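Trainee: Got a file for you: work.cif, mmCIF, C-alpha atoms.
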data_run
loop_
_atom_site.label_atom_id
_atom_site.label_comp_id
_atom_site.auth_asym_id
_atom_site.auth_seq_id
_atom_site.Cartn_x
_atom_site.Cartn_y
_atom_site.Cartn_z
CA MET A 176 17.03 82.38 19.94
CA ARG A 177 20.77 82.47 19.38
CA LEU A 178 22.87 83.53 16.44
CA VAL A 179 26.52 83.38 15.50
CA GLY A 180 27.95 86.85 14.75
CA ARG A 181 27.46 88.35 11.29
CA ARG A 182 29.19 91.41 9.83
CA THR A 183 27.29 94.69 9.58
CA THR A 184 28.72 95.08 6.07
CA ASP A 185 26.50 92.12 5.09
CA ALA A 186 23.44 93.87 6.54
CA GLY A 187 23.72 96.86 4.15
CA LEU A 188 23.59 99.56 6.79
CA LEU A 189 23.63 103.23 5.90
CA ASN A 190 26.00 105.62 7.64
CA ARG A 191 24.85 108.77 9.45
CA ALA A 192 25.20 111.09 6.43
CA GLN A 193 23.30 108.69 4.16
CA PHE A 194 20.59 108.25 6.76
CA LEU A 195 20.14 112.01 7.16
CA ASP A 196 19.79 112.26 3.38
CA GLN A 197 16.99 109.68 3.48
CA ILE A 198 15.22 111.63 6.25
CA GLY A 199 15.58 114.87 4.26
CA ARG A 200 14.00 113.32 1.17
CA GLN A 201 11.08 111.96 3.16
CA LEU A 202 10.65 115.25 5.01
CA LYS A 203 10.17 117.07 1.69
CA ARG A 204 7.44 114.59 0.74
CA THR A 205 5.83 115.02 4.15
CA ARG A 206 5.70 118.79 3.77
CA LYS A 207 3.94 118.43 0.40
CA SER A 208 1.34 115.99 1.67
CA LEU A 209 1.00 117.71 5.09
CA THR A 210 0.61 114.29 6.70
CA ALA A 211 2.98 112.50 9.08
CA SER A 212 3.18 108.77 8.49
CA HIS A 213 6.94 108.20 8.77
CA VAL A 214 8.97 107.94 11.95
CA VAL A 215 12.62 107.82 12.92
CA LEU A 216 13.56 105.28 15.57
CA CYS A 217 16.93 105.41 17.37
CA ALA A 218 18.12 102.42 19.37
CA ASP A 219 21.18 102.58 21.64
CA ILE A 220 22.49 99.30 23.09
CA ASP A 221 22.41 99.43 26.88
CA ARG A 222 25.69 98.99 28.75
CA PHE A 223 27.54 98.12 25.57
CA LYS A 224 30.74 99.72 26.87
CA VAL A 225 30.80 97.16 29.67
CA VAL A 226 30.68 94.31 27.13
CA SER A 227 33.37 95.88 24.96
CA ALA A 228 35.63 96.63 27.94
CA SER A 229 35.31 93.17 29.48
CA LEU A 230 35.33 90.96 26.36
CA GLY A 231 37.29 93.13 23.96
CA ARG A 232 36.49 95.38 21.02
CA ASP A 233 36.35 92.55 18.47
CA MET A 234 33.71 90.69 20.48
CA GLY A 235 31.81 93.93 20.91
CA ASP A 236 31.81 94.47 17.15
CA LEU A 237 30.54 90.93 16.57
CA LEU A 238 27.72 91.55 19.03
CA LEU A 239 26.73 94.72 17.17
CA ASP A 240 26.85 92.80 13.87
CA SER A 241 24.49 90.18 15.27
CA ILE A 242 22.15 92.81 16.66
CA ALA A 243 22.03 94.57 13.28
CA PHE A 244 21.27 91.27 11.54
CA ARG A 245 18.30 90.59 13.79
CA ILE A 246 16.89 94.10 13.54
CA ARG A 247 17.17 93.95 9.74
CA GLY A 248 14.97 90.85 9.83
CA LEU A 249 12.14 92.95 11.31
CA LEU A 250 12.18 95.60 8.56
CA ALA A 251 10.66 95.95 5.13
CA LYS A 252 12.86 96.42 2.07
CA GLN A 253 11.95 100.08 1.73
CA ASP A 254 12.87 100.92 5.34
CA ALA A 255 16.14 102.82 5.82
CA PHE A 256 18.44 101.19 8.35
CA ALA A 257 21.64 102.85 9.60
CA ARG A 258 24.38 102.61 12.16
CA ILE A 259 24.79 106.24 13.21
CA GLY A 260 27.16 105.79 16.15
CA GLY A 261 29.37 103.25 17.88
CA ASP A 262 26.46 101.29 19.38
CA GLU A 263 23.53 103.28 18.03
CA PHE A 264 21.21 102.22 15.22
CA ALA A 265 18.48 104.20 13.46
CA ILE A 266 15.50 103.29 11.32
CA LEU A 267 13.29 105.37 9.04
CA PHE A 268 10.01 103.63 8.25
CA GLU A 269 6.35 104.23 7.54
CA GLU A 270 3.68 103.49 10.12
CA THR A 271 1.06 101.35 8.40
CA GLY A 272 -1.56 100.64 11.03
CA GLU A 273 -1.52 99.03 14.44
CA SER A 274 0.89 96.23 13.52
CA GLY A 275 3.29 98.67 11.88
CA THR A 276 3.55 101.36 14.56
CA ALA A 277 6.74 102.63 16.12
CA THR A 278 5.71 101.12 19.44
CA SER A 279 5.21 97.67 17.94
CA LEU A 280 8.59 97.84 16.18
CA ALA A 281 10.32 98.96 19.40
CA ASP A 282 8.73 96.03 21.26
CA ALA A 283 9.80 93.63 18.50
CA ILE A 284 13.40 94.87 18.72
CA GLN A 285 13.45 94.22 22.46
CA ARG A 286 12.08 90.71 21.91
CA VAL A 287 14.71 89.71 19.33
CA LEU A 288 17.50 91.03 21.57
CA ILE A 289 16.42 89.35 24.77
CA GLY A 290 17.03 85.82 23.46
CA GLY A 291 20.79 86.15 23.76
CA PHE A 292 23.66 85.81 21.27
CA GLU A 293 26.11 82.92 21.00
CA ILE A 294 29.32 84.46 19.65
CA GLU A 295 32.54 82.45 19.45
CA GLY A 296 31.49 80.26 22.35
CA THR A 297 30.34 83.12 24.58
CA THR A 298 26.69 83.84 25.34
CA MET A 299 25.87 87.56 25.47
CA TYR A 300 22.64 89.41 26.15
CA ALA A 301 21.49 92.86 25.14
CA THR A 302 18.69 95.37 25.58
CA ALA A 303 18.17 98.73 23.93
CA SER A 304 16.97 102.19 24.89
CA ILE A 305 14.79 103.40 22.04
CA GLY A 306 13.60 106.86 21.05
CA VAL A 307 11.03 107.75 18.41
CA ALA A 308 10.36 110.99 16.52
CA ARG A 309 7.58 111.42 13.95
CA LEU A 310 8.27 113.35 10.73
CA THR A 311 5.75 116.16 11.03
CA PRO A 312 5.60 118.98 8.41
CA GLY A 313 6.85 121.44 11.04
CA TYR A 314 10.39 120.09 11.06
CA GLU A 315 12.93 122.34 9.34
CA SER A 316 15.71 119.82 8.78
CA ALA A 317 16.62 116.16 8.92
CA GLN A 318 19.12 116.97 11.67
CA ASP A 319 16.27 118.21 13.88
CA VAL A 320 14.31 114.98 13.38
CA LEU A 321 17.27 112.80 14.27
CA ARG A 322 18.15 115.06 17.21
CA ASP A 323 14.68 114.64 18.69
CA ALA A 324 14.72 110.86 18.22
CA GLU A 325 18.04 110.75 20.07
CA ILE A 326 16.70 113.01 22.82
CA ALA A 327 13.81 110.58 23.29
CA MET A 328 16.30 107.70 23.32
CA TYR A 329 18.38 109.34 26.06
CA HIS A 330 15.17 109.98 27.97
CA ALA A 331 14.40 106.25 27.79
CA LYS A 332 17.90 105.47 29.02
CA SER A 333 17.55 107.87 31.96
CA ARG A 334 14.30 106.19 32.97
CA GLY A 335 15.87 102.78 33.42
CA ARG A 336 16.93 101.48 29.98
CA ALA A 337 15.34 98.60 28.02
CA ARG A 338 12.35 100.78 27.12
CA SER A 339 11.12 103.16 24.44
CA GLU A 340 9.93 106.76 24.52
CA VAL A 341 8.20 108.92 21.90
CA PHE A 342 9.59 112.43 21.61
CA GLN A 343 7.66 115.22 23.31
CA PRO A 344 8.61 118.92 23.14
CA VAL A 345 9.17 118.98 26.91
CA MET A 346 12.05 116.53 26.39
CA TYR A 347 13.86 119.07 24.23
CA ARG A 348 13.43 121.75 26.88
CA ARG A 349 14.80 119.38 29.52
CA ALA A 350 17.73 118.48 27.28
CA MET A 351 18.54 122.15 26.77
CA ASP A 352 18.27 122.77 30.52
CA LEU A 353 20.71 119.91 31.09
CA PHE A 354 23.07 121.28 28.45
CA GLU A 355 23.01 124.72 30.05
CA LEU A 356 23.51 123.21 33.50
CA GLU A 357 26.57 121.28 32.33
CA ARG A 358 27.97 124.41 30.67
CA ASP A 359 27.42 126.43 33.86
CA LEU A 360 28.99 123.70 35.98
CA ARG A 361 32.14 123.71 33.87
CA ARG A 362 32.30 127.47 34.21
CA ALA A 363 31.69 127.14 37.97
CA VAL A 364 34.85 125.04 38.27
CA GLU A 365 36.85 127.71 36.44
CA ARG A 366 35.24 130.64 38.32
CA HIS A 367 35.42 129.09 41.80
CA GLU A 368 31.68 129.32 42.42
CA PHE A 369 31.60 126.33 44.78
CA GLU A 370 31.74 126.66 48.54
CA LEU A 371 31.58 124.38 51.54
CA TYR A 372 28.90 124.33 54.21
CA TYR A 373 29.45 122.45 57.46
CA GLN A 374 27.05 120.32 59.50
CA PRO A 375 28.09 119.62 63.10
CA ILE A 376 28.34 116.03 64.32
CA VAL A 377 27.79 115.87 68.08
CA SER A 378 28.28 113.43 70.92
CA VAL A 379 25.00 111.70 71.69
CA LYS A 380 25.84 111.74 75.40
CA THR A 381 27.04 115.32 75.86
CA GLY A 382 25.85 117.26 72.80
CA ARG A 383 29.35 118.60 72.22
CA VAL A 384 30.62 118.99 68.66
CA ARG A 385 32.92 116.13 67.72
CA SER A 386 33.44 117.08 64.08
CA PHE A 387 31.91 118.83 61.07
CA GLU A 388 30.83 117.24 57.80
CA SER A 389 31.79 119.38 54.80
CA LEU A 390 29.00 119.62 52.22
CA LEU A 391 29.38 121.01 48.71
CA ARG A 392 27.24 123.96 47.64
CA TRP A 393 27.13 125.91 44.39
CA ARG A 394 26.38 129.63 44.41
CA HIS A 395 25.19 130.29 40.87
CA PRO A 396 25.82 133.92 39.83
CA GLU A 397 22.22 134.31 38.60
CA ARG A 398 20.15 131.64 40.37
CA GLY A 399 21.81 131.83 43.76
CA LEU A 400 22.56 128.90 46.07
CA GLN A 401 21.79 125.59 44.34
CA ASN A 402 20.58 122.45 46.06
CA PRO A 403 23.13 119.60 45.69
CA GLY A 404 20.43 117.38 44.19
CA GLN A 405 20.30 119.77 41.25
CA PHE A 406 23.96 119.46 40.28
CA LEU A 407 25.74 116.57 42.04
CA PRO A 408 24.37 113.85 39.70
CA LEU A 409 25.63 115.78 36.67
CA LEU A 410 29.02 116.36 38.31
CA LYS A 411 29.34 112.59 38.63
CA GLU A 412 28.04 111.86 35.13
CA THR A 413 30.44 114.30 33.47
CA GLY A 414 33.47 113.33 35.56
CA LEU A 415 33.73 116.87 36.96
CA ILE A 416 33.30 115.35 40.40
CA VAL A 417 37.02 114.45 40.38
CA PRO A 418 38.47 117.99 40.00
CA VAL A 419 35.70 119.45 42.18
CA GLY A 420 36.38 116.74 44.76
CA GLU A 421 40.08 117.68 44.78
CA TRP A 422 39.09 121.27 45.54
CA VAL A 423 36.80 120.08 48.35
CA VAL A 424 39.64 118.14 49.99
CA MET A 425 41.93 121.18 49.79
CA ASP A 426 39.36 123.67 51.08
CA ALA A 427 38.22 121.40 53.91
CA CYS A 428 41.86 120.98 55.00
CA ARG A 429 42.36 124.72 54.82
CA GLN A 430 39.29 125.27 57.02
CA ALA A 431 40.36 122.57 59.46
CA LYS A 432 43.78 124.23 59.78
CA GLU A 433 42.11 127.56 60.57
CA TRP A 434 40.05 125.93 63.31
CA GLU A 435 43.12 124.08 64.59
CA THR A 436 44.88 127.42 64.99
CA LEU A 437 41.89 128.95 66.79
CA ARG A 438 41.45 126.06 69.20
CA GLY A 439 45.05 125.00 69.62
CA ARG A 440 44.23 121.41 68.71
CA PRO A 441 42.82 119.50 65.69
CA VAL A 442 39.13 119.99 64.86
CA SER A 443 37.84 117.08 62.79
CA VAL A 444 36.33 117.64 59.36
CA THR A 445 34.80 114.87 57.28
CA VAL A 446 34.96 114.93 53.48
CA ASN A 447 32.81 112.78 51.20
CA LEU A 448 34.71 111.00 48.47
CA SER A 449 32.61 109.96 45.48
CA PRO A 450 33.22 106.45 44.09
CA GLN A 451 34.82 108.06 41.01
CA GLN A 452 37.19 110.06 43.18
CA PHE A 453 38.05 107.16 45.48
CA THR A 454 38.93 104.87 42.58
CA HIS A 455 40.90 107.62 40.84
CA THR A 456 44.60 106.87 40.83
CA SER A 457 45.53 110.25 42.33
CA VAL A 458 43.34 110.21 45.45
CA VAL A 459 46.24 109.49 47.83
CA SER A 460 48.41 112.18 46.24
CA THR A 461 45.45 114.60 46.35
CA VAL A 462 45.04 114.09 50.09
CA THR A 463 48.80 114.21 50.70
CA HIS A 464 49.11 117.44 48.71
CA ALA A 465 46.25 119.07 50.64
CA ILE A 466 47.79 118.14 54.00
CA ASP A 467 51.26 119.33 52.99
CA THR A 468 49.93 122.57 51.49
CA THR A 469 47.69 123.57 54.41
CA GLY A 470 49.79 122.15 57.23
CA VAL A 471 46.70 120.65 58.85
CA ASP A 472 47.10 117.82 61.34
CA PRO A 473 46.20 114.66 59.34
CA ARG A 474 44.16 113.43 62.31
CA ALA A 475 41.69 116.23 61.62
CA LEU A 476 40.71 114.73 58.27
CA LEU A 477 38.12 111.96 58.10
CA LEU A 478 37.18 110.65 54.63
CA GLU A 479 33.66 109.30 54.08
CA ILE A 480 33.47 106.55 51.45
CA THR A 481 30.33 104.71 50.36
CA GLU A 482 30.06 100.94 50.63
CA ASP A 483 29.77 100.41 46.89
CA ALA A 484 33.10 102.17 46.27
CA LEU A 485 34.80 99.87 48.79
CA VAL A 486 33.37 96.45 48.02
CA GLU A 487 33.56 96.68 44.22
CA ASP A 488 37.25 95.81 44.45
CA LEU A 489 38.35 95.02 48.00
CA GLU A 490 42.04 94.61 47.23
CA SER A 491 42.19 97.88 45.33
CA ALA A 492 40.29 99.62 48.15
CA ARG A 493 42.72 98.25 50.70
CA GLU A 494 45.69 99.44 48.64
CA THR A 495 44.19 102.94 48.65
CA LEU A 496 43.20 103.00 52.33
CA LEU A 497 46.49 101.74 53.77
CA PRO A 498 48.65 104.72 52.67
CA LEU A 499 45.90 107.07 53.86
CA ARG A 500 46.04 105.45 57.29
CA GLU A 501 49.82 105.74 57.26
CA LEU A 502 49.37 109.48 56.72
CA GLY A 503 47.23 109.60 59.86
CA VAL A 504 43.99 110.21 57.95
CA ARG A 505 40.90 108.39 59.23
CA THR A 506 38.16 106.82 57.11
CA MET A 507 34.44 106.18 57.57
CA ILE A 508 31.95 104.04 55.64
CA ASP A 509 29.06 106.26 54.58
CA ASP A 510 25.43 105.08 54.15
CA PHE A 511 26.24 101.86 55.97
CA GLY A 512 23.77 98.99 55.59
CA THR A 513 22.01 100.17 52.44
CA GLY A 514 22.86 97.36 50.08
CA TYR A 515 25.43 94.73 51.05
CA SER A 516 24.61 91.59 53.01
CA SER A 517 28.22 90.43 53.33
CA LEU A 518 30.04 92.31 56.06
CA SER A 519 33.32 90.43 55.88
CA TYR A 520 34.96 93.44 54.25
CA LEU A 521 34.76 95.33 57.56
CA ARG A 522 37.57 93.27 59.09
CA ARG A 523 39.62 93.32 55.88
CA LEU A 524 39.74 97.09 55.43
CA PRO A 525 41.42 99.73 57.64
CA ILE A 526 38.24 101.58 58.60
CA ASP A 527 37.80 103.79 61.68
CA ALA A 528 34.05 104.46 61.77
CA ILE A 529 30.72 103.75 60.13
CA LYS A 530 27.79 106.07 59.51
CA ILE A 531 24.33 104.54 59.82
CA ASP A 532 22.15 105.62 56.92
CA ALA A 533 19.22 107.93 57.66
CA SER A 534 16.76 105.35 56.30
CA PHE A 535 17.36 103.24 59.43
CA ILE A 536 17.05 106.22 61.78
CA GLY A 537 13.80 107.69 60.49
CA ARG A 538 11.49 105.28 62.38
CA ILE A 539 13.84 104.02 65.07
CA GLU A 540 11.61 105.12 67.96
CA ARG A 541 8.42 103.68 66.44
CA PHE A 542 9.33 100.45 64.68
CA THR A 543 10.99 97.52 66.42
CA GLU A 544 12.60 96.23 63.21
CA ASP A 545 14.51 99.46 62.59
CA ARG A 546 15.62 99.62 66.22
CA MET A 547 16.88 96.04 66.01
CA ILE A 548 18.84 96.79 62.84
CA VAL A 549 20.50 99.82 64.42
CA ARG A 550 21.26 97.85 67.58
CA ALA A 551 22.90 95.11 65.48
CA ILE A 552 24.96 97.64 63.51
CA VAL A 553 26.18 99.35 66.68
CA ALA A 554 27.07 96.01 68.30
CA LEU A 555 28.94 94.88 65.19
CA ALA A 556 30.86 98.15 64.98
CA HIS A 557 31.83 98.07 68.64
CA ALA A 558 32.99 94.45 68.34
CA LEU A 559 35.32 95.64 65.57
CA GLN A 560 36.32 98.71 67.61
CA LEU A 561 34.69 101.13 65.16
CA ARG A 562 33.02 104.40 66.07
CA VAL A 563 29.37 104.83 65.05
CA VAL A 564 27.69 107.97 63.69
CA ALA A 565 23.96 108.20 62.98
CA GLU A 566 22.72 110.68 60.38
CA GLY A 567 19.32 112.15 59.62
CA ILE A 568 18.29 113.04 63.18
CA GLU A 569 15.07 115.04 63.07
CA ARG A 570 13.36 114.26 66.40
CA SER A 571 14.58 114.26 70.00
CA GLU A 572 13.10 110.77 70.46
CA GLN A 573 15.58 109.47 67.91
CA LEU A 574 18.47 110.86 69.94
CA ALA A 575 17.05 109.23 73.06
CA GLU A 576 16.96 105.84 71.33
CA LEU A 577 20.52 106.27 70.06
CA LEU A 578 21.67 107.01 73.60
CA VAL A 579 20.12 103.77 74.83
CA LEU A 580 21.70 101.87 71.93
CA GLU A 581 25.13 103.37 72.77
CA CYS A 582 25.64 105.08 69.42
CA GLU A 583 28.45 107.60 69.96
CA GLU A 584 27.68 110.44 67.56
CA ALA A 585 24.82 111.94 65.56
CA GLN A 586 23.98 114.64 63.04
CA GLY A 587 20.81 115.97 61.48
CA TYR A 588 18.51 118.95 61.14
CA LEU A 589 17.25 118.58 64.73
CA ILE A 590 20.80 119.35 65.88
CA SER A 591 21.74 121.82 63.16
CA ALA A 592 21.28 122.37 59.45
CA PRO A 593 24.47 122.72 57.40
CA VAL A 594 25.86 126.20 58.06
CA THR A 595 28.32 128.53 56.38
CA ALA A 596 32.01 128.37 57.22
CA GLY A 597 31.62 131.62 59.17
CA ILE A 598 28.89 130.24 61.43
CA ALA A 599 30.79 126.99 61.86
CA THR A 600 33.85 129.00 62.91
CA ASP A 601 31.75 130.74 65.58
CA MET A 602 30.64 127.31 66.79
CA VAL A 603 34.28 126.26 67.10
CA VAL A 604 35.34 129.45 68.89
CA LYS A 605 32.38 129.52 71.30
CA ARG A 606 32.49 125.73 71.87
CA TRP A 607 28.91 125.35 70.73
CA SER A 608 27.03 122.23 71.79
CA TRP A 609 23.54 120.83 71.37
CA PRO A 610 20.87 122.02 72.28
CA MET A 611 22.13 125.61 71.90
CA GLU A 612 20.76 127.49 68.90
CA PRO A 613 23.15 127.03 65.94
CA ASP A 614 22.63 130.53 64.45
CA ILE A 615 25.11 132.14 66.83
CA ALA A 616 27.05 134.19 64.29
#
Could you render the structure from this file as structure tokens?

Mentor:
Amino acid sequence: MRLVGRRTTDAGLLNRAQFLDQIGRQLKRTRKSLTASHVVLCADIDRFKVVSASLGRDMGDLLLDSIAFRIRGLLAKQDAFARIGGDEFAILFEETGESGTATSLADAIQRVLIGGFEIEGTTMYATASIGVARLTPGYESAQDVLRDAEIAMYHAKSRGRARSEVFQPVMYRRAMDLFELERDLRRAVERHEFELYYQPIVSVKTGRVRSFESLLRWRHPERGLQNPGQFLPLLKETGLIVPVGEWVVMDACRQAKEWETLRGRPVSVTVNLSPQQFTHTSVVSTVTHAIDTTGVDPRALLLEITEDALVEDLESARETLLPLRELGVRTMIDDFGTGYSSLSYLRRLPIDAIKIDASFIGRIERFTEDRMIVRAIVALAHALQLRVVAEGIERSEQLAELLVLECEEAQGYLISAPVTAGIATDMVVKRWSWPMEPDIA
């Protein structure tokens, strides 16, 4: 099913204020009858910003007009239909049995969207994340009803998009937890609550430390040390990963300079750059500023960049990597082999090393297929004169296999967990090597 764009003004949509007024009126009737037969449904168009950014705002508006026209065709005259945000629609309607439930309407909306839209010669497709809240007598205001429908909608979006969710009280608690976490993260940036831990990377042959990977940790003033999995995704989602990432580069360079002074030569430190940070226009100036400020030898800094950040735009990646190489900074591809079948970018980009993802190391001593993959990666890297690091080492048998496969370096909890800067400094001073105990502070 395809449709030429129509204007939302023709569809008679309410605005947010008008829609809230309709909810308020119905909520009063619901309180009097003490029964809940009406629901609010919020539908947000998935990835609409991508369409608008790639095809232009006018085409995006025409797509929204067409979507509104189709949704209107599913509703009864008495149903309230509104556009309450840029790409968010809302409906207030009465459930009238199995064919008139919120679930059946949500499914119908997905069906009318999936057929595609022919707009000014361009075919576009859309799906929606949909949230539903029922008007129960316990609600105090129309704002609360709409809030809960939107919370359910965001829950649907977080679970993969193109689906619907009915509001449950636990969703509100999770939303509040997320709000508080974001607030605390913003304060953490201002209050300097982040710190770096360091995990040693050792030579597979000798066990000697070759470098340290810097790993971000957050010491919450009330909840203590936080696991990165609890806050890193939100740092990326909010964009805070860029300023925090700039601090990481500076602090890692400062620590590397301290170790350089203690040892009389550069001690390598690797820093993970998020895709957002790598594609940020100031990444080269950030690294340059950190090197100039700390006085660290640029050869001590090794930047880890994920494959997806590199291959999304090869030319742009190359333009970023070349000035970094000119500075003397080295680069490594992180999580290598986890998603891209084309490896031609390896010879097009100025890369110094690759890190084999832990998913390939976990069963290397027990499964021939994994061993063959690692062998192929090592052979490819050596043919291109790249160093190879394996991560996620948890058993001595894995190290033995890596030695046979001629992988140069390795890291993992078998060798050492990430340690504080103080313990890492002791490792540097005492020339720690595997299999000595890492807790030597």

Trainee: Would you compute the distance between CA of Asp262 in chain A and CA of Thr413 in chain A? Give it in Å to one decimal.

Mentor: 19.6 Å

Trainee: Restricting the calculation to all atoms listed in the file: of A:Tyr373, A:Trp609, A:Phe223, A:Phe406, which residue gets closest to Thr302 in chain A?

Mentor: A:Phe223

Trainee: Taking a cut-off of 12 Å and counting all atoms listed in the file, can you build a table that, for each residue of range 299-361 of chain A near range 391-396 of chain A, reports the nearest atom pair and how far apart they are in Å (one decimal), sorted by chain then residue number, as JSON lines?

Mentor:
{"residue": "A:Leu356", "atom": "CA", "partner": "A:His395", "partner_atom": "CA", "distance": 10.4}
{"residue": "A:Asp359", "atom": "CA", "partner": "A:His395", "partner_atom": "CA", "distance": 8.3}
{"residue": "A:Leu360", "atom": "CA", "partner": "A:Trp393", "partner_atom": "CA", "distance": 8.9}
{"residue": "A:Arg361", "atom": "CA", "partner": "A:His395", "partner_atom": "CA", "distance": 11.9}

Trainee: What lies within 12 Å of Ala465 in chain A using only C-alpha atoms, ignoring chain neighbours under 5 positions off, as a list in words?

Mentor: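 Counting only C-alpha atoms, the residues come to Gly420, Glu421, Trp422, Val423, Val424, Met425, Asp426, Ala427, Cys428, Arg429, Gln430, Ala431, Lys432, Val458, Val459, Ser460, Gly470, Val471, Asp472, Pro473, Leu476, Leu502 and Val504 of chain A.
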
Trainee: Do you have the CA of Ala251 in chain A-CA of Met234 in chain A distance handy?

Mentor: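 Computing the Euclidean distance for CA of Ala251 in chain A and CA of Met234 in chain A yields 28.2 Å.
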
Trainee: For a cutoff of 12 Å around the file-coordinate point (28.5, 114.2, 36.9), which residues qualify once you count all atoms listed in the file? I'd like the result as a ChimeraX atom specification.

Mentor: /A:353,356-358,360-361,403-420,449-452
